[in-house]
Amino acid sequence: MTSTRGRIAALLGAVAVVAGTTLAGPAVAAPAEPPGHGGGVTGQAPCQGAPEFTCGTLTVPLDHSGRTPGTLQLDVAMTGSADAPKGDLVFLAGGPGQPGVPLIRRIASKLEPVLKDYRLIMYDQRGTGERALQCPGLQEDMGSSDLAVPRKQSIADCATALGPNARYYSSADTVADIDLLRQALGDRRITLDGVSYGTFVAERYALAHPAHVDRLVLDSVVPQGGYDPMDLIALPATARVLRTACQATGCTTDPAADLATTVQKYGNGAQILDALTSYEFADPNYGGVPEALHEAAGGNPQKLQSFIDDVHKNDAAPAELLSQGLHAATLCADGRYPWGSSDTPVAGRAAALERTRKNLTAEQTWPYDPATATGLGSLLVCLDWPREQVPPLPPAHRKLPNVPVLLLGGDRDLSTPYEWLYQQAKLTHDPQVVIVPGAAHSVQTRAANPAGRQAVYDFLLK
């Protein structure tokens, strides 16, 4: 989610593609009692390529209401012993569209200090990993970006390929899957550690199943109300982030003012935001960006265009590492847009979006412009998405359950700026907030500053 918006600048491992849905009779109701310590995860064996971990499969209904038959197989990976003193720690990856199982070795290495007390669980969200939803045109157009604007034909082809079953890839379906995973693991309560889109899933799980949550780690936070498809928080946050990075590196220009002038001159705000939110993974100091923006503001955009082109040279990503089909299906099922939801007739959506653009003010979008807010791929991919029934939203002001919650962010993060973190903190009982200087997106796994990881260790081992 762009914001669900995390990039996958560096994912580990490639996985094969196999069929994802088995239309094999009616959906099975969840068991009344947990079946034991992991007994509901079938076919357990050493993971291929990572034999120190155990892999298996969880079978879930395609449609949790049971009205549409079919099942899905979700791959699951586990560390250690089911008798870990603090129970199971379920780590939720980002996207939506990123798998979990291929990342278990990397995540286990980052969480190693707590794994004597917890069993780490990672799984592939429905529609990801070896069973990823396949939309080749959309995959080619967007790669590892969620702000790039795809071709309309690619969107239409993806919607046709997924058909009416696309509606079963919402975050609400993922939340229901996690509760079946909890039961299959034999747990009354689980600890959830989510990054980026994973924080949104963790929050929605906690709201739906408050009695089954022990504690929450929310890293690079998407608030429980969901992401804003026009990025009206991230757009102004760019000024803060670039100025902070500029000050840290001793640059002598005002990159925010230069960005505003550049967007006004060239109308390229969406392309710049897309490049910046990818580049933060490579360099949280945004090195070279102030200089490129300053030259562009002065009428010489070549260096800025070269920067944008260079950032996207390695954007290609297979669906097994980030399924753009799943990304689109989830965003379009979850999202609330200027036209409403995906249950709004398609015919009136474009006009509603144009009215919104005209009503946006410069103050709302500076240092970008209103056209940037309404020209992002994460919004436009759903503009012509076929009409479908969407799951209801939870009450807007319901707080998370009263369990320990750590909210973790970086002051250089544009994918999920820390303004979102503070929004979520208001809906959290006694939140523990840690902002890591110099860190961008995904603090636990990517920040050079170890303060965020240490905060997680201290929080989980209390």
# chains A, B, ... in the order shown; residues from 1 in each chain; ligands from 1
$ closest_atom_pairs --of "segment 154-249 of chain A" --to "segment 441-457 of chain A" --cutoff "8 Å" --atoms "only C-alpha atoms" --output "tab-separated table"
residue	atom	partner	partner_atom	distance
A:Val195	CA	A:Ser442	CA	6.2
A:Ser196	CA	A:Ser442	CA	7.0
A:Val217	CA	A:Val456	CA	7.3
A:Asp219	CA	A:Ser442	CA	6.3
A:Ser220	CA	A:Ser442	CA	5.7
$ write_last_selection --atoms "N, CA and C atoms" --output "compact mmCIF listing (two decimals), in the first residue's frame"
# COMPACT_ATOMS: atom_id res chain seq x y z
N VAL A 195 5.25 -4.44 9.14
CA VAL A 195 6.00 -3.36 8.51
C VAL A 195 5.18 -2.83 7.34
N SER A 196 5.01 -1.51 7.26
CA SER A 196 4.32 -0.86 6.16
C SER A 196 2.89 -1.39 6.06
N VAL A 217 3.81 -4.66 17.30
CA VAL A 217 4.89 -3.80 16.81
C VAL A 217 4.45 -3.27 15.45
N ASP A 219 5.74 -0.89 12.51
CA ASP A 219 6.96 -0.28 11.96
C ASP A 219 6.63 0.33 10.60
N SER A 220 6.85 1.65 10.46
CA SER A 220 6.51 2.37 9.22
C SER A 220 5.00 2.31 9.03
$ residues_around --residues "Ala234 of chain A" --least-positions-apart "3" --cutoff "7 Å" --atoms "only C-alpha atoms" --output "ChimeraX atom specification"
/A:231,237-238,414,417
$ closest_residue --among "A:Val149, A:Val90, A:Leu322, A:Ile155" --to "Thr128 of chain A" --atoms "only C-alpha atoms"
A:Leu322
$ closest_residue --among "A:Leu58, A:Ala292, A:Val41, A:Cys135" --to "Gln324 of chain A" --atoms "only C-alpha atoms"
A:Cys135
$ select_by_dssp --residues "segment 90-255 of chain A" --states "strand (DSSP E)" --output "mmCIF file with all heavy atoms, in the first residue's frame"
data_model
loop_
_atom_site.group_PDB
_atom_site.id
_atom_site.type_symbol
_atom_site.label_atom_id
_atom_site.label_comp_id
_atom_site.auth_asym_id
_atom_site.auth_seq_id
_atom_site.Cartn_x
_atom_site.Cartn_y
_atom_site.Cartn_z
ATOM 1 N N VAL A 90 4.093 -13.360 14.858
ATOM 2 C CA VAL A 90 3.751 -13.391 13.437
ATOM 3 C C VAL A 90 4.221 -12.088 12.802
ATOM 4 O O VAL A 90 3.758 -11.007 13.174
ATOM 5 C CB VAL A 90 2.238 -13.585 13.237
ATOM 6 C CG1 VAL A 90 1.888 -13.604 11.748
ATOM 7 C CG2 VAL A 90 1.771 -14.885 13.898
ATOM 8 N N PHE A 91 5.161 -12.206 11.865
ATOM 9 C CA PHE A 91 5.713 -11.044 11.180
ATOM 10 C C PHE A 91 4.974 -10.858 9.865
ATOM 11 O O PHE A 91 4.905 -11.773 9.041
ATOM 12 C CB PHE A 91 7.208 -11.229 10.934
ATOM 13 C CG PHE A 91 7.909 -9.978 10.458
ATOM 14 C CD1 PHE A 91 8.579 -9.163 11.360
ATOM 15 C CD2 PHE A 91 7.892 -9.612 9.120
ATOM 16 C CE1 PHE A 91 9.226 -8.010 10.928
ATOM 17 C CE2 PHE A 91 8.529 -8.458 8.690
ATOM 18 C CZ PHE A 91 9.196 -7.653 9.601
ATOM 19 N N LEU A 92 4.438 -9.654 9.653
ATOM 20 C CA LEU A 92 3.611 -9.355 8.485
ATOM 21 C C LEU A 92 4.384 -8.464 7.518
ATOM 22 O O LEU A 92 4.769 -7.347 7.863
ATOM 23 C CB LEU A 92 2.318 -8.672 8.914
ATOM 24 C CG LEU A 92 1.441 -9.474 9.892
ATOM 25 C CD1 LEU A 92 0.259 -8.639 10.355
ATOM 26 C CD2 LEU A 92 0.972 -10.773 9.240
ATOM 27 N N ARG A 119 8.625 -17.964 18.947
ATOM 28 C CA ARG A 119 8.713 -18.662 17.665
ATOM 29 C C ARG A 119 8.265 -17.684 16.587
ATOM 30 O O ARG A 119 7.167 -17.144 16.642
ATOM 31 C CB ARG A 119 7.828 -19.904 17.655
ATOM 32 C CG ARG A 119 7.846 -20.625 16.306
ATOM 33 C CD ARG A 119 7.131 -21.967 16.330
ATOM 34 N NE ARG A 119 5.717 -21.868 16.641
ATOM 35 C CZ ARG A 119 4.830 -22.832 16.403
ATOM 36 N NH1 ARG A 119 5.222 -23.977 15.851
ATOM 37 N NH2 ARG A 119 3.563 -22.683 16.749
ATOM 38 N N LEU A 120 9.132 -17.431 15.596
ATOM 39 C CA LEU A 120 8.811 -16.525 14.502
ATOM 40 C C LEU A 120 8.007 -17.269 13.446
ATOM 41 O O LEU A 120 8.398 -18.351 13.003
ATOM 42 C CB LEU A 120 10.101 -15.970 13.884
ATOM 43 C CG LEU A 120 9.945 -15.090 12.639
ATOM 44 C CD1 LEU A 120 9.187 -13.807 12.963
ATOM 45 C CD2 LEU A 120 11.315 -14.778 12.040
ATOM 46 N N ILE A 121 6.905 -16.650 13.027
ATOM 47 C CA ILE A 121 6.038 -17.212 11.995
ATOM 48 C C ILE A 121 5.954 -16.206 10.855
ATOM 49 O O ILE A 121 5.684 -15.023 11.082
ATOM 50 C CB ILE A 121 4.612 -17.467 12.525
ATOM 51 C CG1 ILE A 121 4.624 -18.257 13.841
ATOM 52 C CG2 ILE A 121 3.749 -18.139 11.460
ATOM 53 C CD1 ILE A 121 5.099 -19.665 13.736
ATOM 54 N N MET A 122 6.181 -16.673 9.637
ATOM 55 C CA MET A 122 5.941 -15.841 8.462
ATOM 56 C C MET A 122 5.116 -16.651 7.468
ATOM 57 O O MET A 122 5.262 -17.881 7.386
ATOM 58 C CB MET A 122 7.250 -15.377 7.837
ATOM 59 C CG MET A 122 8.047 -14.474 8.763
ATOM 60 S SD MET A 122 9.452 -13.656 7.957
ATOM 61 C CE MET A 122 8.610 -12.485 6.899
ATOM 62 N N TYR A 123 4.263 -15.957 6.740
ATOM 63 C CA TYR A 123 3.426 -16.673 5.769
ATOM 64 C C TYR A 123 3.234 -15.794 4.543
ATOM 65 O O TYR A 123 3.469 -14.579 4.568
ATOM 66 C CB TYR A 123 2.080 -17.037 6.408
ATOM 67 C CG TYR A 123 1.056 -15.938 6.366
ATOM 68 C CD1 TYR A 123 -0.027 -16.020 5.489
ATOM 69 C CD2 TYR A 123 1.178 -14.804 7.163
ATOM 70 C CE1 TYR A 123 -0.962 -14.992 5.429
ATOM 71 C CE2 TYR A 123 0.248 -13.789 7.103
ATOM 72 C CZ TYR A 123 -0.822 -13.891 6.234
ATOM 73 O OH TYR A 123 -1.732 -12.871 6.153
ATOM 74 N N ILE A 190 -1.625 -14.036 19.866
ATOM 75 C CA ILE A 190 -0.390 -13.929 19.114
ATOM 76 C C ILE A 190 0.150 -12.513 19.223
ATOM 77 O O ILE A 190 -0.592 -11.555 19.469
ATOM 78 C CB ILE A 190 -0.590 -14.283 17.619
ATOM 79 C CG1 ILE A 190 -1.742 -13.469 17.013
ATOM 80 C CG2 ILE A 190 -0.803 -15.768 17.443
ATOM 81 C CD1 ILE A 190 -1.955 -13.711 15.528
ATOM 82 N N THR A 191 1.457 -12.396 19.038
ATOM 83 C CA THR A 191 2.097 -11.092 18.900
ATOM 84 C C THR A 191 2.287 -10.833 17.413
ATOM 85 O O THR A 191 2.730 -11.721 16.677
ATOM 86 C CB THR A 191 3.449 -11.072 19.621
ATOM 87 O OG1 THR A 191 3.212 -11.202 21.037
ATOM 88 C CG2 THR A 191 4.204 -9.788 19.360
ATOM 89 N N LEU A 192 1.947 -9.629 16.976
ATOM 90 C CA LEU A 192 2.062 -9.252 15.575
ATOM 91 C C LEU A 192 3.118 -8.172 15.419
ATOM 92 O O LEU A 192 3.132 -7.188 16.165
ATOM 93 C CB LEU A 192 0.731 -8.747 15.031
ATOM 94 C CG LEU A 192 -0.411 -9.763 14.980
ATOM 95 C CD1 LEU A 192 -1.723 -9.075 14.626
ATOM 96 C CD2 LEU A 192 -0.106 -10.860 13.961
ATOM 97 N N ASP A 193 3.986 -8.358 14.443
ATOM 98 C CA ASP A 193 5.005 -7.361 14.075
ATOM 99 C C ASP A 193 4.797 -7.072 12.593
ATOM 100 O O ASP A 193 5.068 -7.921 11.743
ATOM 101 C CB ASP A 193 6.409 -7.919 14.339
ATOM 102 C CG ASP A 193 7.526 -6.914 14.059
ATOM 103 O OD1 ASP A 193 7.265 -5.903 13.378
ATOM 104 O OD2 ASP A 193 8.661 -7.159 14.518
ATOM 105 N N GLY A 194 4.294 -5.887 12.277
ATOM 106 C CA GLY A 194 4.006 -5.539 10.896
ATOM 107 C C GLY A 194 4.863 -4.391 10.424
ATOM 108 O O GLY A 194 5.181 -3.472 11.185
ATOM 109 N N VAL A 195 5.252 -4.440 9.144
ATOM 110 C CA VAL A 195 5.997 -3.358 8.508
ATOM 111 C C VAL A 195 5.177 -2.828 7.339
ATOM 112 O O VAL A 195 4.677 -3.613 6.526
ATOM 113 C CB VAL A 195 7.377 -3.836 8.014
ATOM 114 C CG1 VAL A 195 8.077 -2.742 7.234
ATOM 115 C CG2 VAL A 195 8.241 -4.282 9.182
ATOM 116 N N VAL A 213 -4.919 -10.875 20.635
ATOM 117 C CA VAL A 213 -3.677 -10.133 20.428
ATOM 118 C C VAL A 213 -2.957 -9.955 21.755
ATOM 119 O O VAL A 213 -3.556 -9.512 22.744
ATOM 120 C CB VAL A 213 -3.959 -8.755 19.795
ATOM 121 C CG1 VAL A 213 -2.684 -7.936 19.694
ATOM 122 C CG2 VAL A 213 -4.582 -8.927 18.414
ATOM 123 N N ASP A 214 -1.667 -10.281 21.768
ATOM 124 C CA ASP A 214 -0.866 -10.108 22.979
ATOM 125 C C ASP A 214 -0.179 -8.745 22.978
ATOM 126 O O ASP A 214 -0.220 -8.013 23.954
ATOM 127 C CB ASP A 214 0.173 -11.218 23.077
ATOM 128 C CG ASP A 214 0.886 -11.208 24.409
ATOM 129 O OD1 ASP A 214 0.212 -11.328 25.449
ATOM 130 O OD2 ASP A 214 2.122 -11.057 24.424
ATOM 131 N N ARG A 215 0.469 -8.386 21.880
ATOM 132 C CA ARG A 215 1.092 -7.080 21.722
ATOM 133 C C ARG A 215 1.333 -6.826 20.242
ATOM 134 O O ARG A 215 1.287 -7.747 19.431
ATOM 135 C CB ARG A 215 2.377 -6.947 22.539
ATOM 136 C CG ARG A 215 3.473 -7.927 22.238
ATOM 137 C CD ARG A 215 4.657 -7.761 23.207
ATOM 138 N NE ARG A 215 4.232 -7.918 24.596
ATOM 139 C CZ ARG A 215 4.755 -7.226 25.631
ATOM 140 N NH1 ARG A 215 5.710 -6.351 25.424
ATOM 141 N NH2 ARG A 215 4.332 -7.423 26.847
ATOM 142 N N LEU A 216 1.622 -5.563 19.901
ATOM 143 C CA LEU A 216 1.774 -5.156 18.509
ATOM 144 C C LEU A 216 3.043 -4.332 18.334
ATOM 145 O O LEU A 216 3.289 -3.407 19.101
ATOM 146 C CB LEU A 216 0.582 -4.300 18.053
ATOM 147 C CG LEU A 216 -0.810 -4.922 18.049
ATOM 148 C CD1 LEU A 216 -1.861 -3.839 17.807
ATOM 149 C CD2 LEU A 216 -0.911 -5.998 16.971
ATOM 150 N N VAL A 217 3.811 -4.660 17.296
ATOM 151 C CA VAL A 217 4.888 -3.802 16.806
ATOM 152 C C VAL A 217 4.451 -3.267 15.453
ATOM 153 O O VAL A 217 4.140 -4.048 14.539
ATOM 154 C CB VAL A 217 6.220 -4.566 16.661
ATOM 155 C CG1 VAL A 217 7.288 -3.655 16.044
ATOM 156 C CG2 VAL A 217 6.682 -5.103 17.998
ATOM 157 N N LEU A 218 4.408 -1.940 15.327
ATOM 158 C CA LEU A 218 3.971 -1.297 14.090
ATOM 159 C C LEU A 218 5.128 -0.447 13.573
ATOM 160 O O LEU A 218 5.463 0.579 14.149
ATOM 161 C CB LEU A 218 2.731 -0.434 14.346
ATOM 162 C CG LEU A 218 1.544 -1.145 15.011
ATOM 163 C CD1 LEU A 218 0.425 -0.149 15.301
ATOM 164 C CD2 LEU A 218 1.041 -2.299 14.145
ATOM 165 N N ASP A 219 5.742 -0.893 12.507
ATOM 166 C CA ASP A 219 6.955 -0.282 11.959
ATOM 167 C C ASP A 219 6.633 0.329 10.595
ATOM 168 O O ASP A 219 6.211 -0.380 9.683
ATOM 169 C CB ASP A 219 8.021 -1.378 11.821
ATOM 170 C CG ASP A 219 9.301 -0.916 11.138
ATOM 171 O OD1 ASP A 219 9.385 0.254 10.714
ATOM 172 O OD2 ASP A 219 10.218 -1.750 11.021
#
$ atom_distance --atom1 "atom CA of Leu242 of chain A" --atom2 "atom CA of Gly335 of chain A"
28.2 Å
$ residues_around --residues "His64 of chain A" --least-positions-apart "4" --cutoff "12 Å" --atoms "only C-alpha atoms" --output "list in words"
Pro26, Ala27, Val28, Ala29, Ala30, Thr59, Val60, Thr68, Pro69, Gly70, Thr71, Leu72, Arg167, Tyr168, Tyr169, Ser170, Ala172, Asp173, Thr174, Val175, Ala176, Asp177, Ile178, Asp179, Leu180 and Pro391 of chain A
$ decode --residues "segment 62-74 of chain A" --atoms "all heavy atoms" --output "compact mmCIF listing (two decimals), in the first residue's frame"
# COMPACT_ATOMS: atom_id res chain seq x y z
N LEU A 62 -11.51 -19.67 0.05
CA LEU A 62 -11.46 -18.53 -0.86
C LEU A 62 -12.38 -17.43 -0.36
O LEU A 62 -12.00 -16.26 -0.29
CB LEU A 62 -11.88 -18.97 -2.27
CG LEU A 62 -12.09 -17.85 -3.29
CD1 LEU A 62 -10.77 -17.15 -3.59
CD2 LEU A 62 -12.73 -18.38 -4.56
N ASP A 63 -13.58 -17.81 0.03
CA ASP A 63 -14.60 -16.88 0.50
C ASP A 63 -14.93 -17.26 1.94
O ASP A 63 -15.49 -18.32 2.20
CB ASP A 63 -15.84 -16.99 -0.39
CG ASP A 63 -17.03 -16.18 0.11
OD1 ASP A 63 -16.86 -15.39 1.07
OD2 ASP A 63 -18.13 -16.34 -0.45
N HIS A 64 -14.56 -16.41 2.87
CA HIS A 64 -14.76 -16.74 4.29
C HIS A 64 -16.23 -16.79 4.69
O HIS A 64 -16.56 -17.34 5.73
CB HIS A 64 -13.99 -15.76 5.18
CG HIS A 64 -12.53 -16.04 5.25
ND1 HIS A 64 -11.97 -16.96 6.11
CD2 HIS A 64 -11.48 -15.53 4.53
CE1 HIS A 64 -10.67 -17.01 5.94
NE2 HIS A 64 -10.34 -16.15 4.99
N SER A 65 -17.12 -16.25 3.87
CA SER A 65 -18.54 -16.37 4.18
C SER A 65 -19.07 -17.75 3.83
O SER A 65 -20.15 -18.15 4.28
CB SER A 65 -19.34 -15.31 3.40
OG SER A 65 -19.47 -15.67 2.03
N GLY A 66 -18.34 -18.48 2.98
CA GLY A 66 -18.77 -19.81 2.57
C GLY A 66 -19.72 -19.84 1.39
O GLY A 66 -20.09 -20.90 0.91
N ARG A 67 -20.07 -18.67 0.88
CA ARG A 67 -21.05 -18.64 -0.22
C ARG A 67 -20.43 -19.05 -1.56
O ARG A 67 -21.12 -19.59 -2.42
CB ARG A 67 -21.68 -17.26 -0.34
CG ARG A 67 -22.64 -16.94 0.81
CD ARG A 67 -23.38 -15.63 0.58
NE ARG A 67 -22.51 -14.48 0.71
CZ ARG A 67 -22.30 -13.83 1.85
NH1 ARG A 67 -22.90 -14.24 2.97
NH2 ARG A 67 -21.50 -12.78 1.89
N THR A 68 -19.15 -18.76 -1.75
CA THR A 68 -18.45 -19.14 -2.98
C THR A 68 -17.49 -20.26 -2.65
O THR A 68 -16.66 -20.12 -1.75
CB THR A 68 -17.69 -17.94 -3.56
OG1 THR A 68 -18.61 -16.90 -3.87
CG2 THR A 68 -16.94 -18.34 -4.83
N PRO A 69 -17.58 -21.39 -3.34
CA PRO A 69 -16.72 -22.53 -3.00
C PRO A 69 -15.27 -22.28 -3.42
O PRO A 69 -14.97 -21.44 -4.26
CB PRO A 69 -17.32 -23.68 -3.80
CG PRO A 69 -17.99 -23.03 -4.97
CD PRO A 69 -18.50 -21.71 -4.45
N GLY A 70 -14.40 -23.05 -2.80
CA GLY A 70 -12.99 -22.97 -3.17
C GLY A 70 -12.10 -22.77 -1.98
O GLY A 70 -12.53 -22.30 -0.91
N THR A 71 -10.85 -23.16 -2.14
CA THR A 71 -9.85 -22.97 -1.08
C THR A 71 -8.58 -22.38 -1.67
O THR A 71 -8.34 -22.42 -2.88
CB THR A 71 -9.51 -24.29 -0.38
OG1 THR A 71 -8.99 -25.21 -1.34
CG2 THR A 71 -10.73 -24.88 0.32
N LEU A 72 -7.77 -21.82 -0.80
CA LEU A 72 -6.45 -21.31 -1.15
C LEU A 72 -5.42 -21.97 -0.25
O LEU A 72 -5.70 -22.25 0.93
CB LEU A 72 -6.38 -19.79 -0.96
CG LEU A 72 -7.31 -18.92 -1.83
CD1 LEU A 72 -7.29 -17.48 -1.32
CD2 LEU A 72 -6.86 -18.97 -3.28
N GLN A 73 -4.24 -22.17 -0.79
CA GLN A 73 -3.13 -22.72 -0.01
C GLN A 73 -2.16 -21.58 0.30
O GLN A 73 -1.69 -20.91 -0.62
CB GLN A 73 -2.41 -23.82 -0.79
CG GLN A 73 -3.32 -24.89 -1.37
CD GLN A 73 -4.11 -25.61 -0.30
OE1 GLN A 73 -3.55 -26.00 0.73
NE2 GLN A 73 -5.40 -25.79 -0.52
N LEU A 74 -1.87 -21.37 1.56
CA LEU A 74 -0.94 -20.33 1.99
C LEU A 74 0.31 -20.98 2.56
O LEU A 74 0.23 -21.81 3.46
CB LEU A 74 -1.57 -19.43 3.05
CG LEU A 74 -2.94 -18.81 2.73
CD1 LEU A 74 -3.38 -17.89 3.87
CD2 LEU A 74 -2.93 -18.08 1.40
